[in-house]
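Dumped protein07.pdb below, it's PDB, C-alpha atoms, pLDDT in the B column:
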ATOM      1  CA  MET A   1      55.154 -84.304 -36.920  1.00 82.00           C
ATOM      2  CA  ASN A   2      51.569 -83.105 -37.021  1.00 91.00           C
ATOM      3  CA  ILE A   3      50.372 -81.162 -40.087  1.00 92.00           C
ATOM      4  CA  SER A   4      46.813 -79.912 -40.427  1.00 94.00           C
ATOM      5  CA  ILE A   5      45.536 -78.139 -43.530  1.00 94.00           C
ATOM      6  CA  THR A   6      42.327 -76.103 -43.426  1.00 94.00           C
ATOM      7  CA  PHE A   7      40.398 -74.868 -46.459  1.00 94.00           C
ATOM      8  CA  ARG A   8      38.249 -71.777 -46.047  1.00 94.00           C
ATOM      9  CA  GLN A   9      35.709 -70.458 -48.528  1.00 91.00           C
ATOM     10  CA  MET A  10      36.752 -72.998 -51.150  1.00 90.00           C
ATOM     11  CA  ASP A  11      36.387 -76.672 -51.901  1.00 91.00           C
ATOM     12  CA  THR A  12      39.002 -79.068 -50.599  1.00 90.00           C
ATOM     13  CA  SER A  13      41.499 -80.252 -53.148  1.00 90.00           C
ATOM     14  CA  ASP A  14      43.606 -83.350 -52.640  1.00 94.00           C
ATOM     15  CA  ALA A  15      46.303 -81.999 -54.961  1.00 95.00           C
ATOM     16  CA  ILE A  16      46.723 -78.762 -52.984  1.00 94.00           C
ATOM     17  CA  LYS A  17      46.552 -80.641 -49.705  1.00 95.00           C
ATOM     18  CA  GLN A  18      49.273 -83.077 -50.784  1.00 95.00           C
ATOM     19  CA  TYR A  19      51.438 -80.269 -52.212  1.00 95.00           C
ATOM     20  CA  ALA A  20      51.241 -78.224 -48.998  1.00 94.00           C
ATOM     21  CA  THR A  21      51.865 -81.290 -46.823  1.00 94.00           C
ATOM     22  CA  ASP A  22      54.992 -82.212 -48.809  1.00 94.00           C
ATOM     23  CA  LYS A  23      56.340 -78.654 -48.615  1.00 93.00           C
ATOM     24  CA  VAL A  24      55.753 -78.338 -44.867  1.00 92.00           C
ATOM     25  CA  ALA A  25      57.258 -81.767 -44.206  1.00 91.00           C
ATOM     26  CA  LYS A  26      60.521 -80.610 -45.824  1.00 92.00           C
ATOM     27  CA  LEU A  27      60.841 -77.900 -43.153  1.00 90.00           C
ATOM     28  CA  GLN A  28      61.163 -80.565 -40.451  1.00 88.00           C
ATOM     29  CA  ARG A  29      64.770 -81.225 -41.485  1.00 87.00           C
ATOM     30  CA  PHE A  30      65.735 -77.738 -40.261  1.00 85.00           C
ATOM     31  CA  LEU A  31      64.162 -78.233 -36.834  1.00 86.00           C
ATOM     32  CA  ARG A  32      65.484 -80.323 -33.971  1.00 83.00           C
ATOM     33  CA  ARG A  33      62.153 -81.092 -32.314  1.00 87.00           C
ATOM     34  CA  PRO A  34      58.979 -82.475 -33.919  1.00 89.00           C
ATOM     35  CA  MET A  35      56.831 -79.729 -35.326  1.00 90.00           C
ATOM     36  CA  VAL A  36      53.145 -78.964 -35.280  1.00 94.00           C
ATOM     37  CA  ALA A  37      52.057 -77.132 -38.433  1.00 94.00           C
ATOM     38  CA  LYS A  38      48.754 -75.478 -39.220  1.00 96.00           C
ATOM     39  CA  VAL A  39      48.221 -74.300 -42.782  1.00 95.00           C
ATOM     40  CA  THR A  40      45.130 -72.323 -43.757  1.00 96.00           C
ATOM     41  CA  VAL A  41      44.284 -72.028 -47.452  1.00 95.00           C
ATOM     42  CA  SER A  42      41.549 -69.613 -48.494  1.00 94.00           C
ATOM     43  CA  LEU A  43      40.152 -67.675 -51.413  1.00 93.00           C
ATOM     44  CA  ASP A  44      39.497 -63.976 -50.854  1.00 89.00           C
ATOM     45  CA  ARG A  45      38.165 -61.906 -53.757  1.00 89.00           C
ATOM     46  CA  ARG A  46      39.941 -63.953 -56.409  1.00 89.00           C
ATOM     47  CA  LYS A  47      43.193 -63.848 -54.438  1.00 94.00           C
ATOM     48  CA  HIS A  48      44.686 -67.025 -53.033  1.00 94.00           C
ATOM     49  CA  VAL A  49      45.691 -66.619 -49.399  1.00 95.00           C
ATOM     50  CA  VAL A  50      47.955 -69.025 -47.518  1.00 96.00           C
ATOM     51  CA  GLU A  51      48.742 -68.703 -43.823  1.00 96.00           C
ATOM     52  CA  ALA A  52      51.066 -71.073 -41.989  1.00 96.00           C
ATOM     53  CA  ARG A  53      52.002 -71.453 -38.337  1.00 95.00           C
ATOM     54  CA  ILE A  54      54.706 -73.789 -37.147  1.00 94.00           C
ATOM     55  CA  SER A  55      55.557 -74.665 -33.559  1.00 92.00           C
ATOM     56  CA  SER A  56      58.592 -76.718 -32.686  1.00 88.00           C
ATOM     57  CA  GLY A  57      59.614 -76.801 -29.070  1.00 86.00           C
ATOM     58  CA  SER A  58      59.931 -73.176 -27.996  1.00 85.00           C
ATOM     59  CA  GLU A  59      60.011 -71.794 -31.546  1.00 86.00           C
ATOM     60  CA  HIS A  60      56.838 -70.355 -33.038  1.00 92.00           C
ATOM     61  CA  LEU A  61      56.972 -69.208 -36.656  1.00 92.00           C
ATOM     62  CA  GLU A  62      54.286 -67.638 -38.794  1.00 95.00           C
ATOM     63  CA  ALA A  63      53.994 -66.575 -42.449  1.00 95.00           C
ATOM     64  CA  HIS A  64      51.249 -65.142 -44.659  1.00 96.00           C
ATOM     65  CA  GLU A  65      51.096 -64.719 -48.449  1.00 95.00           C
ATOM     66  CA  VAL A  66      48.557 -63.513 -51.016  1.00 96.00           C
ATOM     67  CA  SER A  67      48.910 -64.051 -54.773  1.00 95.00           C
ATOM     68  CA  ASP A  68      46.997 -64.999 -57.917  1.00 95.00           C
ATOM     69  CA  ASP A  69      48.144 -68.644 -57.855  1.00 94.00           C
ATOM     70  CA  MET A  70      47.619 -71.029 -54.936  1.00 93.00           C
ATOM     71  CA  TYR A  71      50.775 -73.039 -55.603  1.00 95.00           C
ATOM     72  CA  ALA A  72      52.867 -69.846 -55.804  1.00 94.00           C
ATOM     73  CA  SER A  73      51.399 -68.692 -52.486  1.00 95.00           C
ATOM     74  CA  ILE A  74      52.325 -71.997 -50.853  1.00 95.00           C
ATOM     75  CA  ASP A  75      55.876 -71.792 -52.237  1.00 95.00           C
ATOM     76  CA  GLN A  76      56.345 -68.223 -51.011  1.00 96.00           C
ATOM     77  CA  VAL A  77      55.046 -69.041 -47.533  1.00 96.00           C
ATOM     78  CA  MET A  78      57.431 -71.981 -47.272  1.00 94.00           C
ATOM     79  CA  ASP A  79      60.347 -69.768 -48.384  1.00 94.00           C
ATOM     80  CA  LYS A  80      59.446 -67.251 -45.691  1.00 94.00           C
ATOM     81  CA  LEU A  81      59.262 -69.943 -43.027  1.00 93.00           C
ATOM     82  CA  GLU A  82      62.579 -71.438 -44.129  1.00 91.00           C
ATOM     83  CA  ARG A  83      64.221 -67.999 -43.899  1.00 91.00           C
ATOM     84  CA  GLN A  84      62.790 -67.525 -40.405  1.00 90.00           C
ATOM     85  CA  ILE A  85      64.055 -70.937 -39.292  1.00 87.00           C
ATOM     86  CA  ARG A  86      67.544 -70.284 -40.654  1.00 87.00           C
ATOM     87  CA  GLY A  87      67.643 -66.872 -38.979  1.00 84.00           C
ATOM     88  CA  SER A  88      66.565 -68.237 -35.617  1.00 80.00           C
ATOM     89  CA  LYS A  89      69.071 -71.092 -35.862  1.00 73.00           C
ATOM     90  CA  GLY A  90      71.863 -68.625 -36.619  1.00 69.00           C
ATOM     91  CA  THR A  91      70.899 -66.460 -33.657  1.00 70.00           C
ATOM     92  CA  ALA A  92      70.684 -69.461 -31.326  1.00 65.00           C
ATOM     93  CA  ARG A  93      74.021 -70.795 -32.537  1.00 66.00           C
ATOM     94  CA  ALA A  94      75.623 -67.390 -31.999  1.00 67.00           C
ATOM     95  CA  ARG A  95      74.253 -67.241 -28.452  1.00 68.00           C
ATOM     96  CA  ARG A  96      75.715 -70.646 -27.689  1.00 69.00           C
ATOM     97  CA  ARG A  97      79.106 -69.658 -29.052  1.00 70.00           C
ATOM     98  CA  ASP A  98      78.900 -66.154 -27.594  1.00 67.00           C
ATOM     99  CA  ALA A  99      79.461 -64.601 -30.996  1.00 59.00           C
ATOM    100  CA  ASP A 100      77.633 -62.262 -33.334  1.00 58.00           C
ATOM    101  CA  SER A 101      74.722 -63.553 -35.380  1.00 56.00           C
ATOM    102  CA  ILE A 102      74.546 -63.027 -39.130  1.00 58.00           C
ATOM    103  CA  LYS A 103      72.066 -60.172 -38.758  1.00 58.00           C
ATOM    104  CA  GLU A 104      74.282 -58.356 -36.255  1.00 62.00           C
ATOM    105  CA  VAL A 105      77.391 -58.816 -38.399  1.00 59.00           C
ATOM    106  CA  GLU A 106      75.615 -57.333 -41.428  1.00 61.00           C
ATOM    107  CA  LEU A 107      74.661 -54.278 -39.376  1.00 59.00           C
ATOM    108  CA  LEU A 108      78.183 -53.873 -38.027  1.00 62.00           C
ATOM    109  CA  GLU A 109      79.834 -54.242 -41.423  1.00 65.00           C
ATOM    110  CA  ALA A 110      77.640 -51.662 -43.130  1.00 62.00           C
ATOM    111  CA  PRO A 111      79.838 -48.766 -44.217  1.00 62.00           C
ATOM    112  CA  ALA A 112      79.339 -45.597 -42.251  1.00 59.00           C
ATOM    113  CA  PRO A 113      78.860 -42.403 -44.223  1.00 60.00           C
ATOM    114  CA  ALA A 114      82.226 -40.798 -44.894  1.00 62.00           C
ATOM    115  CA  ARG A 115      82.875 -37.539 -43.084  1.00 63.00           C
ATOM    116  CA  VAL A 116      85.546 -35.278 -44.378  1.00 60.00           C
ATOM    117  CA  ALA A 117      86.765 -32.700 -41.900  1.00 59.00           C
ATOM    118  CA  ALA A 118      88.073 -29.490 -43.378  1.00 59.00           C
ATOM    119  CA  ALA A 119      91.531 -28.816 -42.026  1.00 60.00           C
ATOM    120  CA  ARG A 120      92.219 -25.211 -41.108  1.00 61.00           C
ATOM    121  CA  THR A 121      95.738 -24.207 -41.684  1.00 60.00           C
ATOM    122  CA  GLY A 122      97.370 -21.347 -39.891  1.00 59.00           C
ATOM    123  CA  ALA A 123      99.606 -18.706 -41.426  1.00 55.00           C
ATOM    124  CA  LYS A 124     102.611 -19.938 -43.291  1.00 58.00           C
ATOM    125  CA  PRO A 125     106.000 -19.336 -41.669  1.00 66.00           C
ATOM    126  CA  ALA A 126     107.200 -17.011 -44.435  1.00 68.00           C
ATOM    127  CA  ALA A 127     104.015 -14.948 -44.234  1.00 65.00           C
ATOM    128  CA  ALA A 128     104.384 -14.665 -40.456  1.00 63.00           C
ATOM    129  CA  ALA A 129     107.946 -13.368 -40.875  1.00 63.00           C
ATOM    130  CA  ARG A 130     106.865 -10.699 -43.377  1.00 68.00           C
ATOM    131  CA  ARG A 131     104.023  -9.647 -41.111  1.00 64.00           C
ATOM    132  CA  SER A 132     106.291  -9.273 -38.080  1.00 61.00           C
ATOM    133  CA  ALA A 133     108.716  -7.178 -40.124  1.00 64.00           C
ATOM    134  CA  LYS A 134     105.903  -4.795 -41.105  1.00 66.00           C
ATOM    135  CA  THR A 135     104.528  -4.433 -37.577  1.00 65.00           C
ATOM    136  CA  GLY A 136     107.869  -3.952 -35.890  1.00 64.00           C
ATOM    137  CA  GLY A 137     108.120  -7.343 -34.238  1.00 59.00           C
ATOM    138  CA  ARG A 138     104.817  -7.346 -32.396  1.00 62.00           C
ATOM    139  CA  PRO A 139     102.197  -9.868 -33.458  1.00 60.00           C
ATOM    140  CA  LYS A 140      99.233  -8.600 -35.403  1.00 58.00           C
ATOM    141  CA  ALA A 141      95.749  -9.112 -33.957  1.00 64.00           C
ATOM    142  CA  ARG A 142      93.985 -11.997 -35.651  1.00 65.00           C
ATOM    143  CA  VAL A 143      90.870 -11.188 -37.608  1.00 67.00           C
ATOM    144  CA  SER A 144      88.825 -14.151 -38.726  1.00 66.00           C
ATOM    145  CA  LYS A 145      87.374 -13.972 -42.169  1.00 69.00           C
ATOM    146  CA  SER A 146      84.002 -15.529 -42.765  1.00 66.00           C
ATOM    147  CA  ARG A 147      83.873 -17.721 -45.789  1.00 59.00           C
TER     148      ARG A 147
END

The structure in this file should be written as structure tokens.
Amino acid sequence: MNISITFRQMDTSDAIKQYATDKVAKLQRFLRRPMVAKVTVSLDRRKHVVEARISSGSEHLEAHEVSDDMYASIDQVMDKLERQIRGSKGTARARRRDADSIKEVELLEAPAPARVAAARTGAKPAAAARRSAKTGGRPKARVSKSR
């Protein structure tokens, strides 16, 4: 596991460096292969920016976050990366088992908008009998009424 933390446009802080290193190291438990992580911490117009890139085998994940607090930015980036790892693991597992991934199942299970078809009913049998009696047994020409 190789973790590098870069500070841009701000002084290096051992506390932030240790905090980010601990958070990134926890992501290794979700990955099968050793990871290489690059975390960039910067200050941009009073906003704390954290960017992280993780490579593990053939997986390449990236996250970016901007907030007012550096520690909150680090936490949010790690949450994003964890979500990406879990999603990619679910997709890979589904491919191995030849099944649907969680994302695909959610799309398939979404309810389709209900369509109600208006049923057109013909003339009632009693009305047809009265009509044939009036016309002398021959059927009356149908005239459609617009609604």

CA of Ile85 (chain A) to CA of Val66 (chain A), distance in Å rounded to a single decimal:
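The value is 20.8 Å.
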
Could you list the residues chosen by the PyMOL selection byres ((chain A and resi 48) around 12) in this structure as a tab-separated table (two decimals) with C-alpha atoms, keeping the file's coordinate frame?
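Ended up saving to result-v4.tsv:
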chain	number	residue	atom	x	y	z
A	7	PHE	CA	40.40	-74.87	-46.46
A	8	ARG	CA	38.25	-71.78	-46.05
A	9	GLN	CA	35.71	-70.46	-48.53
A	10	MET	CA	36.75	-73.00	-51.15
A	16	ILE	CA	46.72	-78.76	-52.98
A	40	THR	CA	45.13	-72.32	-43.76
A	41	VAL	CA	44.28	-72.03	-47.45
A	42	SER	CA	41.55	-69.61	-48.49
A	43	LEU	CA	40.15	-67.68	-51.41
A	44	ASP	CA	39.50	-63.98	-50.85
A	45	ARG	CA	38.16	-61.91	-53.76
A	46	ARG	CA	39.94	-63.95	-56.41
A	47	LYS	CA	43.19	-63.85	-54.44
A	49	VAL	CA	45.69	-66.62	-49.40
A	50	VAL	CA	47.96	-69.03	-47.52
A	51	GLU	CA	48.74	-68.70	-43.82
A	64	HIS	CA	51.25	-65.14	-44.66
A	65	GLU	CA	51.10	-64.72	-48.45
A	66	VAL	CA	48.56	-63.51	-51.02
A	67	SER	CA	48.91	-64.05	-54.77
A	68	ASP	CA	47.00	-65.00	-57.92
A	69	ASP	CA	48.14	-68.64	-57.86
A	70	MET	CA	47.62	-71.03	-54.94
A	71	TYR	CA	50.78	-73.04	-55.60
A	72	ALA	CA	52.87	-69.85	-55.80
A	73	SER	CA	51.40	-68.69	-52.49
A	74	ILE	CA	52.32	-72.00	-50.85
A	76	GLN	CA	56.34	-68.22	-51.01
A	77	VAL	CA	55.05	-69.04	-47.53

I'd like the contact shell of Ser55 (chain A) - 10 Å cut-off, all atoms listed in the file, skipping same-chain residues fewer than 6 positions apart - returned as an MDAnalysis selection string.
chainID A and resid 2 31 33:38 61:62

Rounded to one decimal in Å, what is the spacing between CA of Ser56 (chain A) and CA of Gly87 (chain A)?
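Between CA of Ser56 (chain A) and CA of Gly87 (chain A) the gap works out to 14.8 Å.
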
How far is it from CA of Ile54 (chain A) to CA of Asp11 (chain A), in Å with one decimal?
23.7 Å
